[in-house]
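To be precise, the following lines are run.txt, and they hold compact mmCIF, N, CA and C atoms.
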```
# COMPACT_ATOMS: atom_id res chain seq x y z
N MET A 968 89.46 5.40 182.52
CA MET A 968 90.75 5.04 183.06
C MET A 968 91.14 3.63 182.65
N SER A 969 90.29 2.93 181.92
CA SER A 969 90.63 1.57 181.53
C SER A 969 91.00 1.48 180.05
N ALA A 970 91.49 2.57 179.48
CA ALA A 970 91.88 2.60 178.08
C ALA A 970 93.06 1.67 177.84
N PRO A 971 93.21 1.16 176.59
CA PRO A 971 94.36 0.29 176.28
C PRO A 971 95.68 0.96 176.64
N GLY A 972 96.59 0.17 177.15
CA GLY A 972 97.91 0.69 177.50
C GLY A 972 97.99 1.28 178.89
N THR A 973 96.88 1.37 179.58
CA THR A 973 96.92 1.95 180.92
C THR A 973 96.71 0.91 182.02
N SER A 974 96.67 -0.37 181.64
CA SER A 974 96.37 -1.42 182.60
C SER A 974 97.35 -1.44 183.77
N HIS A 975 98.64 -1.36 183.49
CA HIS A 975 99.64 -1.38 184.56
C HIS A 975 99.49 -0.15 185.45
N ARG A 976 99.32 1.01 184.84
CA ARG A 976 99.16 2.25 185.61
C ARG A 976 97.88 2.20 186.44
N SER A 977 96.80 1.67 185.85
CA SER A 977 95.54 1.54 186.58
C SER A 977 95.69 0.61 187.77
N SER A 978 96.35 -0.51 187.56
CA SER A 978 96.56 -1.46 188.65
C SER A 978 97.37 -0.83 189.77
N ARG A 979 98.38 -0.08 189.42
CA ARG A 979 99.22 0.58 190.43
C ARG A 979 98.39 1.58 191.24
N LEU A 980 97.50 2.32 190.57
CA LEU A 980 96.66 3.29 191.28
C LEU A 980 95.71 2.58 192.24
N VAL A 981 95.12 1.47 191.81
CA VAL A 981 94.24 0.71 192.69
C VAL A 981 95.02 0.20 193.90
N LEU A 982 96.22 -0.30 193.67
CA LEU A 982 97.06 -0.78 194.77
C LEU A 982 97.40 0.35 195.74
N GLU A 983 97.66 1.54 195.22
CA GLU A 983 97.94 2.69 196.09
C GLU A 983 96.71 3.04 196.92
N MET A 984 95.54 3.00 196.29
CA MET A 984 94.31 3.28 197.04
C MET A 984 94.13 2.26 198.16
N ALA A 985 94.36 0.99 197.84
CA ALA A 985 94.17 -0.08 198.81
C ALA A 985 95.20 0.02 199.95
N ALA A 986 96.41 0.41 199.63
CA ALA A 986 97.47 0.50 200.64
C ALA A 986 97.10 1.47 201.75
N SER A 987 96.34 2.50 201.43
CA SER A 987 95.95 3.47 202.44
C SER A 987 94.76 3.02 203.27
N CYS A 988 94.17 1.87 202.92
CA CYS A 988 92.97 1.37 203.62
C CYS A 988 93.08 -0.11 203.95
N HIS A 989 94.23 -0.55 204.41
CA HIS A 989 94.43 -1.93 204.86
C HIS A 989 94.15 -2.96 203.76
N GLY A 990 94.40 -2.59 202.50
CA GLY A 990 94.24 -3.51 201.39
C GLY A 990 92.85 -3.59 200.80
N VAL A 991 91.99 -2.64 201.18
CA VAL A 991 90.57 -2.66 200.80
C VAL A 991 90.24 -1.43 199.96
N VAL A 992 89.38 -1.63 198.95
CA VAL A 992 88.86 -0.51 198.15
C VAL A 992 87.35 -0.70 198.00
N SER A 993 86.67 0.42 197.78
CA SER A 993 85.23 0.34 197.54
C SER A 993 84.92 0.63 196.08
N ARG A 994 83.82 0.07 195.63
CA ARG A 994 83.36 0.34 194.27
C ARG A 994 83.14 1.85 194.11
N ARG A 995 82.52 2.46 195.11
CA ARG A 995 82.26 3.90 195.08
C ARG A 995 83.57 4.67 194.93
N GLY A 996 84.59 4.28 195.70
CA GLY A 996 85.89 4.96 195.62
C GLY A 996 86.55 4.80 194.27
N LEU A 997 86.45 3.60 193.70
CA LEU A 997 87.04 3.36 192.38
C LEU A 997 86.35 4.21 191.31
N LEU A 998 85.02 4.26 191.37
CA LEU A 998 84.28 5.07 190.39
C LEU A 998 84.59 6.55 190.56
N GLU A 999 84.69 7.02 191.81
CA GLU A 999 85.03 8.42 192.07
C GLU A 999 86.44 8.75 191.60
N ALA A 1000 87.33 7.75 191.60
CA ALA A 1000 88.70 7.96 191.13
C ALA A 1000 88.80 7.93 189.61
N GLY A 1001 87.69 7.66 188.92
CA GLY A 1001 87.68 7.71 187.47
C GLY A 1001 87.66 6.37 186.77
N PHE A 1002 87.65 5.29 187.53
CA PHE A 1002 87.57 3.98 186.91
C PHE A 1002 86.15 3.74 186.43
N THR A 1003 86.00 2.94 185.40
CA THR A 1003 84.67 2.66 184.85
C THR A 1003 84.07 1.42 185.52
N ARG A 1004 82.76 1.29 185.37
CA ARG A 1004 82.09 0.09 185.88
C ARG A 1004 82.67 -1.16 185.21
N GLY A 1005 82.98 -1.03 183.92
CA GLY A 1005 83.56 -2.15 183.17
C GLY A 1005 84.92 -2.55 183.72
N PHE A 1006 85.73 -1.57 184.12
CA PHE A 1006 87.03 -1.86 184.72
C PHE A 1006 86.84 -2.66 185.99
N VAL A 1007 85.93 -2.18 186.86
CA VAL A 1007 85.69 -2.86 188.13
C VAL A 1007 85.17 -4.27 187.88
N ARG A 1008 84.19 -4.41 187.02
CA ARG A 1008 83.62 -5.72 186.70
C ARG A 1008 84.70 -6.67 186.16
N GLY A 1009 85.54 -6.16 185.27
CA GLY A 1009 86.62 -6.99 184.70
C GLY A 1009 87.60 -7.47 185.75
N ARG A 1010 87.95 -6.59 186.70
CA ARG A 1010 88.89 -6.98 187.76
C ARG A 1010 88.25 -7.96 188.73
N VAL A 1011 86.94 -7.83 188.95
CA VAL A 1011 86.24 -8.80 189.80
C VAL A 1011 86.22 -10.15 189.09
N GLU A 1012 85.85 -10.15 187.81
CA GLU A 1012 85.78 -11.41 187.05
C GLU A 1012 87.14 -12.09 186.94
N ALA A 1013 88.21 -11.29 186.89
CA ALA A 1013 89.56 -11.84 186.80
C ALA A 1013 90.07 -12.33 188.16
N GLY A 1014 89.33 -12.04 189.22
CA GLY A 1014 89.75 -12.48 190.55
C GLY A 1014 90.76 -11.56 191.21
N TRP A 1015 90.96 -10.38 190.64
CA TRP A 1015 91.92 -9.44 191.23
C TRP A 1015 91.27 -8.59 192.31
N LEU A 1016 89.99 -8.28 192.15
CA LEU A 1016 89.21 -7.63 193.20
C LEU A 1016 88.30 -8.70 193.79
N LEU A 1017 88.45 -8.97 195.08
CA LEU A 1017 87.72 -10.03 195.77
C LEU A 1017 86.69 -9.41 196.72
N GLN A 1018 85.42 -9.67 196.45
CA GLN A 1018 84.38 -9.04 197.25
C GLN A 1018 84.43 -9.51 198.70
N MET A 1019 84.51 -8.55 199.62
CA MET A 1019 84.46 -8.84 201.05
C MET A 1019 83.02 -8.71 201.54
N VAL A 1020 82.40 -7.62 201.17
CA VAL A 1020 80.98 -7.33 201.39
C VAL A 1020 80.51 -6.62 200.13
N PRO A 1021 79.21 -6.52 199.90
CA PRO A 1021 78.76 -5.86 198.67
C PRO A 1021 79.38 -4.47 198.49
N GLY A 1022 80.03 -4.27 197.34
CA GLY A 1022 80.61 -2.98 197.01
C GLY A 1022 81.98 -2.71 197.59
N VAL A 1023 82.56 -3.67 198.29
CA VAL A 1023 83.87 -3.48 198.91
C VAL A 1023 84.74 -4.70 198.60
N TYR A 1024 85.98 -4.43 198.19
CA TYR A 1024 86.86 -5.49 197.69
C TYR A 1024 88.22 -5.48 198.35
N ALA A 1025 88.76 -6.69 198.55
CA ALA A 1025 90.17 -6.87 198.88
C ALA A 1025 90.90 -6.88 197.54
N VAL A 1026 92.08 -6.31 197.51
CA VAL A 1026 92.82 -6.21 196.25
C VAL A 1026 93.89 -7.30 196.20
N GLY A 1027 93.77 -8.17 195.21
CA GLY A 1027 94.80 -9.15 194.92
C GLY A 1027 94.78 -10.44 195.70
N ARG A 1028 94.31 -10.41 196.93
CA ARG A 1028 94.30 -11.63 197.74
C ARG A 1028 93.27 -11.46 198.86
N PRO A 1029 92.77 -12.57 199.39
CA PRO A 1029 91.82 -12.47 200.50
C PRO A 1029 92.48 -11.80 201.71
N LEU A 1030 91.73 -10.96 202.37
CA LEU A 1030 92.23 -10.27 203.57
C LEU A 1030 91.36 -10.67 204.74
N GLU A 1031 92.00 -11.04 205.83
CA GLU A 1031 91.25 -11.46 207.00
C GLU A 1031 91.70 -10.73 208.26
N SER A 1032 92.60 -9.76 208.13
CA SER A 1032 93.04 -9.04 209.32
C SER A 1032 91.87 -8.24 209.89
N GLU A 1033 91.91 -8.02 211.19
CA GLU A 1033 90.86 -7.23 211.83
C GLU A 1033 90.74 -5.86 211.17
N ARG A 1034 91.87 -5.22 210.91
CA ARG A 1034 91.85 -3.88 210.32
C ARG A 1034 91.21 -3.87 208.94
N ALA A 1035 91.48 -4.89 208.13
CA ALA A 1035 90.88 -4.97 206.79
C ALA A 1035 89.37 -5.17 206.89
N VAL A 1036 88.94 -6.02 207.80
CA VAL A 1036 87.51 -6.27 207.98
C VAL A 1036 86.81 -5.00 208.46
N LEU A 1037 87.42 -4.30 209.40
CA LEU A 1037 86.83 -3.06 209.91
C LEU A 1037 86.80 -1.98 208.84
N ALA A 1038 87.87 -1.88 208.04
CA ALA A 1038 87.89 -0.91 206.94
C ALA A 1038 86.79 -1.23 205.94
N ALA A 1039 86.59 -2.50 205.64
CA ALA A 1039 85.53 -2.91 204.72
C ALA A 1039 84.16 -2.52 205.28
N ALA A 1040 83.97 -2.72 206.57
CA ALA A 1040 82.70 -2.36 207.20
C ALA A 1040 82.42 -0.87 207.08
N LEU A 1041 83.43 -0.05 207.34
CA LEU A 1041 83.25 1.39 207.23
C LEU A 1041 82.95 1.81 205.80
N MET A 1042 83.65 1.23 204.84
CA MET A 1042 83.39 1.57 203.45
C MET A 1042 81.97 1.18 203.05
N ALA A 1043 81.53 0.00 203.49
CA ALA A 1043 80.19 -0.46 203.14
C ALA A 1043 79.11 0.37 203.82
N ALA A 1044 79.36 0.79 205.04
CA ALA A 1044 78.37 1.59 205.77
C ALA A 1044 78.26 3.01 205.22
N GLY A 1045 79.33 3.48 204.61
CA GLY A 1045 79.28 4.79 203.95
C GLY A 1045 79.67 5.95 204.85
N PRO A 1046 79.50 7.14 204.29
CA PRO A 1046 79.88 8.35 205.03
C PRO A 1046 79.10 8.48 206.34
N ASP A 1047 79.66 9.21 207.26
CA ASP A 1047 79.02 9.47 208.55
C ASP A 1047 78.82 8.20 209.35
N SER A 1048 79.74 7.25 209.24
CA SER A 1048 79.67 6.04 210.03
C SER A 1048 80.98 5.85 210.78
N ALA A 1049 80.91 5.04 211.83
CA ALA A 1049 82.11 4.74 212.62
C ALA A 1049 81.97 3.35 213.22
N ILE A 1050 83.09 2.74 213.51
CA ILE A 1050 83.10 1.46 214.20
C ILE A 1050 82.66 1.71 215.64
N ALA A 1051 81.88 0.79 216.21
CA ALA A 1051 81.32 1.00 217.55
C ALA A 1051 81.50 -0.25 218.40
N GLY A 1052 81.15 -0.15 219.67
CA GLY A 1052 81.10 -1.27 220.59
C GLY A 1052 82.38 -2.06 220.70
N ALA A 1053 82.26 -3.39 220.71
CA ALA A 1053 83.42 -4.27 220.85
C ALA A 1053 84.39 -4.10 219.70
N SER A 1054 83.88 -3.78 218.51
CA SER A 1054 84.75 -3.54 217.36
C SER A 1054 85.64 -2.34 217.63
N ALA A 1055 85.07 -1.28 218.19
CA ALA A 1055 85.84 -0.08 218.52
C ALA A 1055 86.84 -0.38 219.63
N ALA A 1056 86.45 -1.21 220.60
CA ALA A 1056 87.37 -1.57 221.67
C ALA A 1056 88.61 -2.25 221.11
N ALA A 1057 88.44 -3.04 220.05
CA ALA A 1057 89.60 -3.68 219.41
C ALA A 1057 90.50 -2.66 218.74
N VAL A 1058 89.90 -1.65 218.11
CA VAL A 1058 90.70 -0.59 217.47
C VAL A 1058 91.55 0.12 218.52
N TRP A 1059 90.97 0.35 219.68
CA TRP A 1059 91.68 1.02 220.77
C TRP A 1059 92.57 0.05 221.55
N GLU A 1060 92.59 -1.22 221.14
CA GLU A 1060 93.38 -2.26 221.78
C GLU A 1060 93.01 -2.46 223.24
N ILE A 1061 91.72 -2.30 223.52
CA ILE A 1061 91.20 -2.53 224.87
C ILE A 1061 90.90 -4.01 225.06
N ARG A 1062 90.41 -4.64 223.98
CA ARG A 1062 90.13 -6.07 224.04
C ARG A 1062 90.16 -6.66 222.64
N ARG A 1063 90.23 -7.98 222.56
CA ARG A 1063 90.19 -8.65 221.26
C ARG A 1063 88.77 -8.63 220.73
N TRP A 1064 88.67 -8.69 219.43
CA TRP A 1064 87.37 -8.66 218.77
C TRP A 1064 87.29 -9.82 217.81
N ASN A 1065 86.12 -10.45 217.72
CA ASN A 1065 85.93 -11.52 216.76
C ASN A 1065 84.57 -11.43 216.07
N GLY A 1066 84.04 -10.22 215.92
CA GLY A 1066 82.81 -9.97 215.18
C GLY A 1066 81.58 -10.22 216.02
N PRO A 1067 80.39 -9.87 215.54
CA PRO A 1067 80.17 -9.15 214.30
C PRO A 1067 80.66 -7.71 214.37
N VAL A 1068 80.83 -7.09 213.22
CA VAL A 1068 81.26 -5.70 213.18
C VAL A 1068 80.10 -4.83 213.65
N GLU A 1069 80.39 -3.95 214.59
CA GLU A 1069 79.38 -3.01 215.09
C GLU A 1069 79.67 -1.64 214.50
N VAL A 1070 78.66 -1.04 213.90
CA VAL A 1070 78.80 0.24 213.23
C VAL A 1070 77.75 1.19 213.76
N VAL A 1071 78.14 2.42 213.99
CA VAL A 1071 77.19 3.49 214.31
C VAL A 1071 77.17 4.43 213.12
N ARG A 1072 75.99 4.90 212.80
CA ARG A 1072 75.85 5.77 211.64
C ARG A 1072 74.99 6.96 212.02
N ALA A 1073 75.43 8.16 211.65
CA ALA A 1073 74.72 9.37 212.02
C ALA A 1073 73.36 9.46 211.35
N ARG A 1074 73.28 8.97 210.12
CA ARG A 1074 71.99 9.03 209.42
C ARG A 1074 71.93 7.91 208.39
N GLY A 1075 70.74 7.56 208.00
CA GLY A 1075 70.56 6.53 206.99
C GLY A 1075 70.60 5.14 207.59
N ARG A 1076 70.50 4.16 206.73
CA ARG A 1076 70.49 2.76 207.15
C ARG A 1076 71.89 2.18 207.12
N VAL A 1077 72.13 1.23 207.99
CA VAL A 1077 73.37 0.47 207.99
C VAL A 1077 73.08 -0.82 207.23
N PRO A 1078 73.99 -1.27 206.36
CA PRO A 1078 73.76 -2.51 205.62
C PRO A 1078 73.41 -3.68 206.53
N ALA A 1079 72.65 -4.61 206.02
CA ALA A 1079 72.12 -5.72 206.82
C ALA A 1079 73.19 -6.57 207.48
N HIS A 1080 74.40 -6.64 206.91
CA HIS A 1080 75.42 -7.51 207.47
C HIS A 1080 76.22 -6.87 208.60
N PHE A 1081 75.74 -5.75 209.10
CA PHE A 1081 76.39 -5.09 210.23
C PHE A 1081 75.38 -4.90 211.34
N THR A 1082 75.88 -4.77 212.54
CA THR A 1082 75.03 -4.49 213.69
C THR A 1082 75.08 -2.99 213.96
N LEU A 1083 73.91 -2.38 214.05
CA LEU A 1083 73.83 -0.96 214.38
C LEU A 1083 73.80 -0.82 215.88
N GLU A 1084 74.82 -0.16 216.43
CA GLU A 1084 74.84 -0.01 217.88
C GLU A 1084 73.84 1.03 218.33
N ARG A 1085 73.92 2.22 217.79
CA ARG A 1085 72.96 3.26 218.17
C ARG A 1085 72.97 4.35 217.11
N PRO A 1086 71.81 4.79 216.69
CA PRO A 1086 71.78 5.90 215.75
C PRO A 1086 72.04 7.20 216.50
N GLY A 1087 72.43 8.20 215.79
CA GLY A 1087 72.64 9.49 216.42
C GLY A 1087 73.68 10.30 215.69
N VAL A 1088 74.09 11.35 216.30
CA VAL A 1088 75.06 12.25 215.69
C VAL A 1088 76.47 11.82 216.10
N LEU A 1089 77.34 11.67 215.11
CA LEU A 1089 78.74 11.37 215.43
C LEU A 1089 79.46 12.68 215.70
N ARG A 1090 80.10 12.75 216.82
CA ARG A 1090 80.85 13.96 217.18
C ARG A 1090 82.34 13.66 217.05
N PRO A 1091 83.13 14.67 216.67
CA PRO A 1091 84.57 14.43 216.48
C PRO A 1091 85.24 13.79 217.68
N ARG A 1092 84.82 14.10 218.89
CA ARG A 1092 85.46 13.52 220.07
C ARG A 1092 85.13 12.04 220.25
N THR A 1093 84.13 11.53 219.53
CA THR A 1093 83.75 10.13 219.68
C THR A 1093 84.29 9.26 218.57
N VAL A 1094 84.97 9.86 217.61
CA VAL A 1094 85.46 9.11 216.45
C VAL A 1094 86.96 9.17 216.38
N ARG A 1095 87.60 8.00 216.31
CA ARG A 1095 89.06 7.93 216.14
C ARG A 1095 89.33 7.65 214.68
N VAL A 1096 90.17 8.47 214.06
CA VAL A 1096 90.50 8.30 212.65
C VAL A 1096 91.83 7.63 212.52
```
As structure tokens, the full file:
Amino acid sequence: MSAPGTSHRSSRLVLEMAASCHGVVSRRGLLEAGFTRGFVRGRVEAGWLLQMVPGVYAVGRPLESERAVLAAALMAAGPDSAIAGASAAAVWEIRRWNGPVEVVRARGRVPAHFTLERPGVLRPRTVRV
């Protein structure tokens, strides 16, 4: 997807992906969408993709909104994960949140920069999308 002449189209697609996730994209998502490792590396080196946490990037500018940080946490934690604890209370607008991000994951490890609230099975009634 990083062939000559497709730079503008590629950038637009990345922006569309980010728009649906509070301005955040994951390396995994970009690769699954057909972008090459070289494309991702080039955009990081150019300062267009700004690493928030390993493998997760803000597109075009630093993002500090709660929603962007929480989206980055979910992307980094991977499938079968959800925001938990005080972080989840902020999503539900029950209280303000100021970190650390709390993540619950049904299986596997949670990255070191997140707090694991409790392992177990995520049920649809416990997850807000």
(message) Could you list, as a PyMOL selection string, every residue within 7 Å of Ala985 (chain A), counting all atoms listed in the file and ignoring same-chain residues fewer than 6 positions away?
(response) chain A and resi 991-992+1026
(request) With a distance cut-off of 9 Å and only C-alpha atoms, select the neighbouring residues of His989 (chain A), excluding the residue or stretch itself and same-chain residues fewer than 3 positions from it, and output the selection as a PyMOL selection string. (result) chain A and resi 985-986+992+1025+1030+1032+1034-1036+1038-1039
(request) Return the single residue from A:Gly990, A:Gly996, A:Arg1010, A:Arg1072 that is closest to Pro1029 (chain A), with distances computed using only C-alpha atoms. (result) A:Gly990
Where in region 979-1095 of chain A does DSSP assign strand (DSSP E), given as an mmCIF file with N, CA and C atoms, in the coordinates of the input?
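Now in selection34.cif:
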```cif
data_model
loop_
_atom_site.group_PDB
_atom_site.id
_atom_site.type_symbol
_atom_site.label_atom_id
_atom_site.label_comp_id
_atom_site.auth_asym_id
_atom_site.auth_seq_id
_atom_site.Cartn_x
_atom_site.Cartn_y
_atom_site.Cartn_z
ATOM 1 N N VAL A 991 91.990 -2.640 201.180
ATOM 2 C CA VAL A 991 90.570 -2.660 200.800
ATOM 3 C C VAL A 991 90.240 -1.430 199.960
ATOM 4 N N VAL A 992 89.380 -1.630 198.950
ATOM 5 C CA VAL A 992 88.860 -0.510 198.150
ATOM 6 C C VAL A 992 87.350 -0.700 198.000
ATOM 7 N N SER A 993 86.670 0.420 197.780
ATOM 8 C CA SER A 993 85.230 0.340 197.540
ATOM 9 C C SER A 993 84.920 0.630 196.080
ATOM 10 N N LEU A 1016 89.990 -8.280 192.150
ATOM 11 C CA LEU A 1016 89.210 -7.630 193.200
ATOM 12 C C LEU A 1016 88.300 -8.700 193.790
ATOM 13 N N LEU A 1017 88.450 -8.970 195.080
ATOM 14 C CA LEU A 1017 87.720 -10.030 195.770
ATOM 15 C C LEU A 1017 86.690 -9.410 196.720
ATOM 16 N N GLN A 1018 85.420 -9.670 196.450
ATOM 17 C CA GLN A 1018 84.380 -9.040 197.250
ATOM 18 C C GLN A 1018 84.430 -9.510 198.700
ATOM 19 N N MET A 1019 84.510 -8.550 199.620
ATOM 20 C CA MET A 1019 84.460 -8.840 201.050
ATOM 21 C C MET A 1019 83.020 -8.710 201.540
ATOM 22 N N VAL A 1020 82.400 -7.620 201.170
ATOM 23 C CA VAL A 1020 80.980 -7.330 201.390
ATOM 24 C C VAL A 1020 80.510 -6.620 200.130
ATOM 25 N N VAL A 1023 82.560 -3.670 198.290
ATOM 26 C CA VAL A 1023 83.870 -3.480 198.910
ATOM 27 C C VAL A 1023 84.740 -4.700 198.600
ATOM 28 N N TYR A 1024 85.980 -4.430 198.190
ATOM 29 C CA TYR A 1024 86.860 -5.490 197.690
ATOM 30 C C TYR A 1024 88.220 -5.480 198.350
ATOM 31 N N ALA A 1025 88.760 -6.690 198.550
ATOM 32 C CA ALA A 1025 90.170 -6.870 198.880
ATOM 33 C C ALA A 1025 90.900 -6.880 197.540
ATOM 34 N N VAL A 1026 92.080 -6.310 197.510
ATOM 35 C CA VAL A 1026 92.820 -6.210 196.250
ATOM 36 C C VAL A 1026 93.890 -7.300 196.200
ATOM 37 N N SER A 1048 79.740 7.250 209.240
ATOM 38 C CA SER A 1048 79.670 6.040 210.030
ATOM 39 C C SER A 1048 80.980 5.850 210.780
ATOM 40 N N ALA A 1049 80.910 5.040 211.830
ATOM 41 C CA ALA A 1049 82.110 4.740 212.620
ATOM 42 C C ALA A 1049 81.970 3.350 213.220
ATOM 43 N N ILE A 1050 83.090 2.740 213.510
ATOM 44 C CA ILE A 1050 83.100 1.460 214.200
ATOM 45 C C ILE A 1050 82.660 1.710 215.640
ATOM 46 N N GLU A 1069 80.390 -3.950 214.590
ATOM 47 C CA GLU A 1069 79.380 -3.010 215.090
ATOM 48 C C GLU A 1069 79.670 -1.640 214.500
ATOM 49 N N VAL A 1070 78.660 -1.040 213.900
ATOM 50 C CA VAL A 1070 78.800 0.240 213.230
ATOM 51 C C VAL A 1070 77.750 1.190 213.760
ATOM 52 N N VAL A 1071 78.140 2.420 213.990
ATOM 53 C CA VAL A 1071 77.190 3.490 214.310
ATOM 54 C C VAL A 1071 77.170 4.430 213.120
ATOM 55 N N ARG A 1072 75.990 4.900 212.800
ATOM 56 C CA ARG A 1072 75.850 5.770 211.640
ATOM 57 C C ARG A 1072 74.990 6.960 212.020
ATOM 58 N N THR A 1082 75.880 -4.770 212.540
ATOM 59 C CA THR A 1082 75.030 -4.490 213.690
ATOM 60 C C THR A 1082 75.080 -2.990 213.960
ATOM 61 N N LEU A 1083 73.910 -2.380 214.050
ATOM 62 C CA LEU A 1083 73.830 -0.960 214.380
ATOM 63 C C LEU A 1083 73.800 -0.820 215.880
#
```
Where's the centre, and what are the edge lengths in Å to one decimal, of a box along x, y and z enclosing all listed atoms of region 1057-1073 of chain A padded 3 Å per side, as JSON?
```
{"center_x": 83.4, "center_y": -1.0, "center_z": 218.2, "size_x": 26.0, "size_y": 27.0, "size_z": 19.7}
```
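Of the listed residues A:Leu997, A:Trp1064, A:Val1070, A:Glu983, the one whose atoms come nearest to Glu1033 (chain A) is A:Trp1064, with distances taken using only N, CA and C atoms.
Each of A:Arg995, A:His975, A:Ala1073, A:Met1019 was compared to Ser1048 (chain A) using all atoms listed in the file, and A:Ala1073 turns out to be the nearest.
Interatomic distance, CA of Val1007 (chain A) to CA of Arg976 (chain A): 14.6 Å.
Proximity to Ala1053 (chain A) was assessed for A:Val981, A:Val1068, A:Val1011, A:Leu1041 counting all atoms listed in the file; the smallest distance is recorded for A:Val1068.
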Rebuild all heavy atoms on region 998-1004 of chain A, as a PDB file, in the coordinates of the input?
```pdb
ATOM      1  N   LEU A 998      85.020   4.260 191.370  1.00  0.00           N
ATOM      2  CA  LEU A 998      84.280   5.070 190.390  1.00  0.00           C
ATOM      3  C   LEU A 998      84.590   6.550 190.560  1.00  0.00           C
ATOM      4  O   LEU A 998      84.767   7.265 189.568  1.00  0.00           O
ATOM      5  CB  LEU A 998      82.779   4.797 190.499  1.00  0.00           C
ATOM      6  CG  LEU A 998      82.347   3.367 190.160  1.00  0.00           C
ATOM      7  CD1 LEU A 998      80.845   3.188 190.406  1.00  0.00           C
ATOM      8  CD2 LEU A 998      82.709   2.989 188.734  1.00  0.00           C
ATOM      9  N   GLU A 999      84.690   7.020 191.810  1.00  0.00           N
ATOM     10  CA  GLU A 999      85.030   8.420 192.070  1.00  0.00           C
ATOM     11  C   GLU A 999      86.440   8.750 191.600  1.00  0.00           C
ATOM     12  O   GLU A 999      86.726   9.889 191.236  1.00  0.00           O
ATOM     13  CB  GLU A 999      84.866   8.747 193.551  1.00  0.00           C
ATOM     14  CG  GLU A 999      83.419   8.815 193.993  1.00  0.00           C
ATOM     15  CD  GLU A 999      83.247   8.990 195.490  1.00  0.00           C
ATOM     16  OE1 GLU A 999      84.271   9.014 196.229  1.00  0.00           O
ATOM     17  OE2 GLU A 999      82.087   9.087 195.926  1.00  0.00           O
ATOM     18  N   ALA A1000      87.330   7.750 191.600  1.00  0.00           N
ATOM     19  CA  ALA A1000      88.700   7.960 191.130  1.00  0.00           C
ATOM     20  C   ALA A1000      88.800   7.930 189.610  1.00  0.00           C
ATOM     21  O   ALA A1000      89.880   8.153 189.050  1.00  0.00           O
ATOM     22  CB  ALA A1000      89.624   6.892 191.722  1.00  0.00           C
ATOM     23  N   GLY A1001      87.690   7.660 188.920  1.00  0.00           N
ATOM     24  CA  GLY A1001      87.680   7.710 187.470  1.00  0.00           C
ATOM     25  C   GLY A1001      87.660   6.370 186.770  1.00  0.00           C
ATOM     26  O   GLY A1001      87.656   6.310 185.537  1.00  0.00           O
ATOM     27  N   PHE A1002      87.650   5.290 187.530  1.00  0.00           N
ATOM     28  CA  PHE A1002      87.570   3.980 186.910  1.00  0.00           C
ATOM     29  C   PHE A1002      86.150   3.740 186.430  1.00  0.00           C
ATOM     30  O   PHE A1002      85.192   4.268 187.003  1.00  0.00           O
ATOM     31  CB  PHE A1002      87.992   2.875 187.890  1.00  0.00           C
ATOM     32  CG  PHE A1002      89.440   2.932 188.246  1.00  0.00           C
ATOM     33  CD1 PHE A1002      89.858   3.507 189.437  1.00  0.00           C
ATOM     34  CD2 PHE A1002      90.394   2.421 187.385  1.00  0.00           C
ATOM     35  CE1 PHE A1002      91.198   3.563 189.770  1.00  0.00           C
ATOM     36  CE2 PHE A1002      91.739   2.476 187.701  1.00  0.00           C
ATOM     37  CZ  PHE A1002      92.144   3.054 188.891  1.00  0.00           C
ATOM     38  N   THR A1003      86.000   2.940 185.400  1.00  0.00           N
ATOM     39  CA  THR A1003      84.670   2.660 184.850  1.00  0.00           C
ATOM     40  C   THR A1003      84.070   1.420 185.520  1.00  0.00           C
ATOM     41  O   THR A1003      84.784   0.613 186.118  1.00  0.00           O
ATOM     42  CB  THR A1003      84.748   2.395 183.332  1.00  0.00           C
ATOM     43  OG1 THR A1003      85.507   1.198 183.111  1.00  0.00           O
ATOM     44  CG2 THR A1003      85.388   3.570 182.594  1.00  0.00           C
ATOM     45  N   ARG A1004      82.760   1.290 185.370  1.00  0.00           N
ATOM     46  CA  ARG A1004      82.090   0.090 185.880  1.00  0.00           C
ATOM     47  C   ARG A1004      82.670  -1.160 185.210  1.00  0.00           C
ATOM     48  O   ARG A1004      82.827  -2.200 185.830  1.00  0.00           O
ATOM     49  CB  ARG A1004      80.587   0.181 185.640  1.00  0.00           C
ATOM     50  CG  ARG A1004      79.893   1.139 186.561  1.00  0.00           C
ATOM     51  CD  ARG A1004      78.386   1.164 186.282  1.00  0.00           C
ATOM     52  NE  ARG A1004      77.679   1.918 187.286  1.00  0.00           N
ATOM     53  CZ  ARG A1004      77.543   3.232 187.280  1.00  0.00           C
ATOM     54  NH1 ARG A1004      78.069   3.943 186.302  1.00  0.00           N
ATOM     55  NH2 ARG A1004      76.880   3.841 188.238  1.00  0.00           N
TER      56      ARG A1004
END
```
